[in-house]
Every structure is written in structure tokens, then in C-alpha cells.
Amino acid sequence: MLNVPSQSFPAPSSQQRAASGGRSKVPLKQGRSLMDWIRLSKSGKDLTGLKGRLIEVTEEELKKHNKKDDCWICIRGFVYNVTSYMEFHPGGEDELMRAAGSDGTDLFDQVHRWVNYESMLKECLVGRMAVKPAIPKGLLPKSQVTDTTTKEGPSSPSYDWFQTDSLVTIVIYTKQKDINLDSIIVDHQNDSFRAETIIKDYSYLIHVGLSHEIQEDFSVRIIENVGKIEIVLKKRENMSWKCLGHPLEKHNSFLPKKDRGSYYRKCQLISKEDVTHDTKLFCLMLPPSTHLQVPIGQHVYLKLTITGTEIVKPYTPVFDSLLSEFKKPVLPNNKYIYFLIKIYPAGLFTPELDHLQIGDFVPVSSPEGNFKISKLQEVEDLFLLAAGTGFTPMVKILNCALINAPSLRKVKLMFFNKTEEDIIWRSQLEKLAFEDKRFDVEFVLSTPSSEWNGKQGHISPALLSEFLKGNSEKSKVLLCICGPTPFTEQGISHPGRSRLSPSMNDGLFEGRYHVFFIVVSDKIKIAFSLHTGASVYMH
């Protein structure tokens, strides 16, 4: 809903406004942009039809409002009259009507769980769903009294805490052996302490108001062979604590990750540097009392308040430089997050981001996405297709493959841009290809100058067939694609790739782009997708 293109890109007549499968974007009428919706919602017009009253809505009442000219939708227990929003919805009226007169929470989570709908639709709020009478526990069916996890899900973690005169150690027992430092996210603000552990597709949360003050810096340690996480806090005063603190919202809960909700912390803008004529490298510093590492292939959301409305956009973190990370494995710098972001002058979000001053703060979400690093462990041939800033998700994947994939034979990147001036980190990519013979890069320009001697044109079956040559029929191949919608559609459906028909797709976000990870294997017969908010293409 909020991940909308700028007013100038794509153009209203562009095919990039329509995507097949999953969630489609449709051309909006003149005067129906996101900014137009913000103006309407701030105009004072009664968008609920209730003249400012909030009501309790029964299921029977909700079902009555199921038409385009009278449409109510429930999201997480709150009911909204979205009739006025119909023409402003980037996915079109028909997409909204799928949830008309019903609980649309699941559908919302599949398409854009990250959207701040509370801010977006606050003037459309009708009220809460009426609470059903509680059923005595003794009469509750067994299926409704089980743990929040399914039988197939991981076992619920537990925690304990210990102290010395100067330290408090919180220990999380995950009961898993594949835990690492990017599995745990820790935030300490004032006296609120929050530690979220990601275990497969589940989230375990410790959320307490600490009984005493602690210092800003703390340490996180993983004992992998037993799946134990230790968070060591430094007491402000050397004294004995009688308890860790009091529980806050959803403390000690173990939920599917999709049900957890987004959490943001304010990061400080440290620097922004020109990379190309319209793309900049932004450096954000995490708060001193935050531990957060974004896993490879995952993204975060940046949030800005524009004319009183919170707008969010997804971006994939990169390194500050491509080459510096390929010397040898080093401990990651946990204090800074870097983003390569293209500035669209007529856009809504990126100009506001570009106008931020050094020292300003930007809320950054916890990581999202389903790409698993294990997909790189056995790959022999890695193919990367990127267009524009669709290159950014490839940076850490390329890094990880060249350093940590023991069976890797070849990495090939085909990088599509309009002109030579648009190519991000061109000299670094060329230097890397020169220094590491396993890596090849090809640049393809759609509007090259007369001096250009390289490939030109758009993504096509001919280009892809040539690009995919050379790998053994028996090799294990991973193909990663990121770019505008027509680009990804062409890349995953070109008729010349019979070996790519059995595949698995993970749809991830990069700004306005979608990235698909396609695992190629003759043994895979079922295509499936993992929802992260992007459009999903099944084939």
C-alpha cells in the first residue's frame, strides 16, 4: 500500500504498473496518488460515515458492508471503512474487495504486512470488532488450547537470568543448533529491554521493564552447539537485584514471525555519499543499546513521517564498499548499516530521505525475509541478474558465495542499466572480476552512448540463453533476479530455459523492486513461494 512508485516512475502508461500473479499494481486515475490520499485524509471530510463516532462492530454488521460503495474491512480487530480509499489503492479495487465485509488480516499479511495501516487509514476507523463471550476453558476444544506453535513447528524456547555484583546475564535456551548472531535482536530504551530471537519462522520475545538501570553497552554471545544465547548487561550500580523486572507487552511469547508485528528503533544518519548521478550511499548508525545484524538476503524498512503520515519503504543493506569485504572474513561492524538508494526527484519518499541532515534520525525496522543462507552452501554455479538498484540485494549474496561457498565454481552477474553513468560500483565490480577468476560481470545498457562497445538492449531470451551457457547439466545452480516488474517477469519466464521450470521462488523486496531466488534442480517438481510482501510468480 505504501510501497508505491514515484509519480514519474513508472509513467502512468508504463507496463511496470501491472504485474502478473500475486499482488498487481494498476494504473491510478489522475489525482489518486498517495499524496492525494494523504491530503484527503487530512481534509476533515468524514470518511467513516459515522460523524466521528467509534462503534463496536459485530460480525453480522461487518458482513453487510461488502460492496464497492459501502466497504468495511477488519484488520487485527479494528474495522475500517475503505470505501473512499478504493480509487487510491495501488492494487486496485478488486484486490480490496477480496476482503470486503470480512476479516482481511491474513490477506493483508500476505501482501503487505509491513504497511503502517493504522496511520494510513486512521481517518477511516469505524471501531473495534465486538468481543465474543468467553467460552469456559473446560469446554474449549483441544485444538484451541494447544501452544501457539504447531506440532511441526520448533519447540518453545525458555529463559533465565543470573547476576554478579556488576553484571546481569540473560540466558535464552533456544533448543536449536543453527542459531547465530543474526538470530537475536536486542533493544534497550530507557528501562525497557527487548530481546527477540528468530527461530525458523517463529519469534520468541523477552520484553521487560528492568528493575534497575544498566549501562548502554552490552554483549551478546552464542553457544552454537547447545543453542544457547547469553546477553550480558552491565549494572549502573553494583547492587543485588531482587528481580529482573516487570513483564511488558507480549513478554515470554513464542509466535509465528508474521504475527509479531514490526518494531522500529531510531538510527542516526552519519553520512551520505554520491555513488552515481542519482544514487547515494547512506550510512545509518544503530543506537548504542541495540544489537541487530541483517541476515543475507533479507531487508529492513525505513520509515519517515511525510505531511503527518508515516510512510515506509523496504531496502536491502549493503557494505560500505564492495572490495573491502572480499579480503578475508572479518567480524561484521555491528554499529552501522549502509544503503544504496536511488533518489527519484518527483517521488514521495526518497526526496524526503535525501533532505535529511547529518545527525537526523530514521526509524529502521527489524529484518524481514525468508532467504536462507543454506541455499548458498552447496551451489556450484551462481547467476545474478540485476537492473538498477536491484543490484543491492546481490552485494552480500555475492560476498557470501565467494567467501563461504565451498563448492562454488562460478559466479556470473549480468547488470542492466540505462547508461554507463548509471552503473553502481562499476570499477569495483571490474576489479573484483580481475582479481577473482570465479567471478564474471557483464554490463548491458538500454540507451548507450555511441562509444559503448558492450552489450546493449533489454532483458531477452537471447541474452539469457547466452548468459546461462557454460554450466554443467548436473551442477547445482542458484539464479537470483532483482529489478522492475517487467524485468523479473522476463527473467523467470523466458521460454529458452527448460532446465529452470522446476523451481522455488522466494519473493523479496528492494525499494520498488522484487527479487526472486530460484533454486534449480531436476529433483524439484513443485514451485512454491514464501510470502514477504512482494508479488509472487508461480510457474
# chains A, B, ... in the order shown; residues from 1 in each chain; ligands from 1
$ residues_around --residues "stretch 259-275 of chain A" --least-positions-apart "4" --cutoff "7 Å" --atoms "only C-alpha atoms" --output "list in words"
Trp114, Leu255, Thr279, Lys280, Leu281, Phe282, Cys283, Leu284, Met285, Leu286, Pro287, Ile358, Gly359, Asp360, Phe361, Val362, Pro363, Val364, Ser365, Ser366 and Ile424 of chain A
$ select_by_dssp --residues "stretch 22-262 of chain A" --states "strand (DSSP E or B)" --output "NGL selection string"
:A and (55-57 or 66-67 or 70-75 or 78-81 or 102-103 or 125-129 or 158-163 or 167-173 or 184-189 or 192-199 or 202-210 or 214-223 or 228-235 or 245-247 or 253-256)
$ atom_distance --atom1 "atom CA of A:Lys257" --atom2 "atom CA of A:Phe162"
28.0 Å
$ closest_residue --among "A:Lys342, A:Leu50, A:Gly92, A:Glu60" --to "A:Pro27" --atoms "only C-alpha atoms"
A:Gly92
$ closest_residue --among "A:Phe339, A:Phe383, A:Phe193, A:Phe349" --to "A:Leu248" --atoms "only C-alpha atoms"
A:Phe193
$ closest_residue --among "A:His251, A:Lys412, A:His458, A:Lys200" --to "A:Leu479" --atoms "only C-alpha atoms"
A:Lys412
$ decode --residues "stretch 286-297 of chain A" --atoms "N, CA and C atoms" --output "mmCIF file, in the first residue's frame"
data_model
loop_
_atom_site.group_PDB
_atom_site.id
_atom_site.type_symbol
_atom_site.label_atom_id
_atom_site.label_comp_id
_atom_site.auth_asym_id
_atom_site.auth_seq_id
_atom_site.Cartn_x
_atom_site.Cartn_y
_atom_site.Cartn_z
ATOM 1 N N LEU A 286 23.308 2.488 14.324
ATOM 2 C CA LEU A 286 22.361 1.915 15.260
ATOM 3 C C LEU A 286 22.493 2.594 16.623
ATOM 4 N N PRO A 287 21.431 2.609 17.422
ATOM 5 C CA PRO A 287 21.555 3.116 18.790
ATOM 6 C C PRO A 287 22.594 2.300 19.555
ATOM 7 N N PRO A 288 23.290 2.910 20.517
ATOM 8 C CA PRO A 288 24.335 2.179 21.251
ATOM 9 C C PRO A 288 23.807 0.969 22.006
ATOM 10 N N SER A 289 22.515 0.991 22.352
ATOM 11 C CA SER A 289 21.936 -0.127 23.105
ATOM 12 C C SER A 289 21.097 -1.028 22.213
ATOM 13 N N THR A 290 21.572 -1.243 20.989
ATOM 14 C CA THR A 290 20.887 -2.144 20.051
ATOM 15 C C THR A 290 21.882 -3.131 19.471
ATOM 16 N N HIS A 291 21.475 -4.389 19.412
ATOM 17 C CA HIS A 291 22.222 -5.413 18.669
ATOM 18 C C HIS A 291 21.322 -5.876 17.536
ATOM 19 N N LEU A 292 21.762 -5.636 16.295
ATOM 20 C CA LEU A 292 20.974 -6.023 15.125
ATOM 21 C C LEU A 292 21.914 -6.311 13.970
ATOM 22 N N GLN A 293 21.810 -7.500 13.407
ATOM 23 C CA GLN A 293 22.536 -7.857 12.194
ATOM 24 C C GLN A 293 21.524 -8.369 11.178
ATOM 25 N N VAL A 294 21.516 -7.755 9.996
ATOM 26 C CA VAL A 294 20.544 -8.144 8.971
ATOM 27 C C VAL A 294 21.070 -9.372 8.226
ATOM 28 N N PRO A 295 20.352 -10.504 8.274
ATOM 29 C CA PRO A 295 20.816 -11.706 7.578
ATOM 30 C C PRO A 295 20.923 -11.483 6.072
ATOM 31 N N ILE A 296 21.788 -12.228 5.436
ATOM 32 C CA ILE A 296 21.976 -12.137 3.988
ATOM 33 C C ILE A 296 20.663 -12.449 3.282
ATOM 34 N N GLY A 297 20.321 -11.630 2.289
ATOM 35 C CA GLY A 297 19.103 -11.842 1.523
ATOM 36 C C GLY A 297 17.860 -11.273 2.169
#
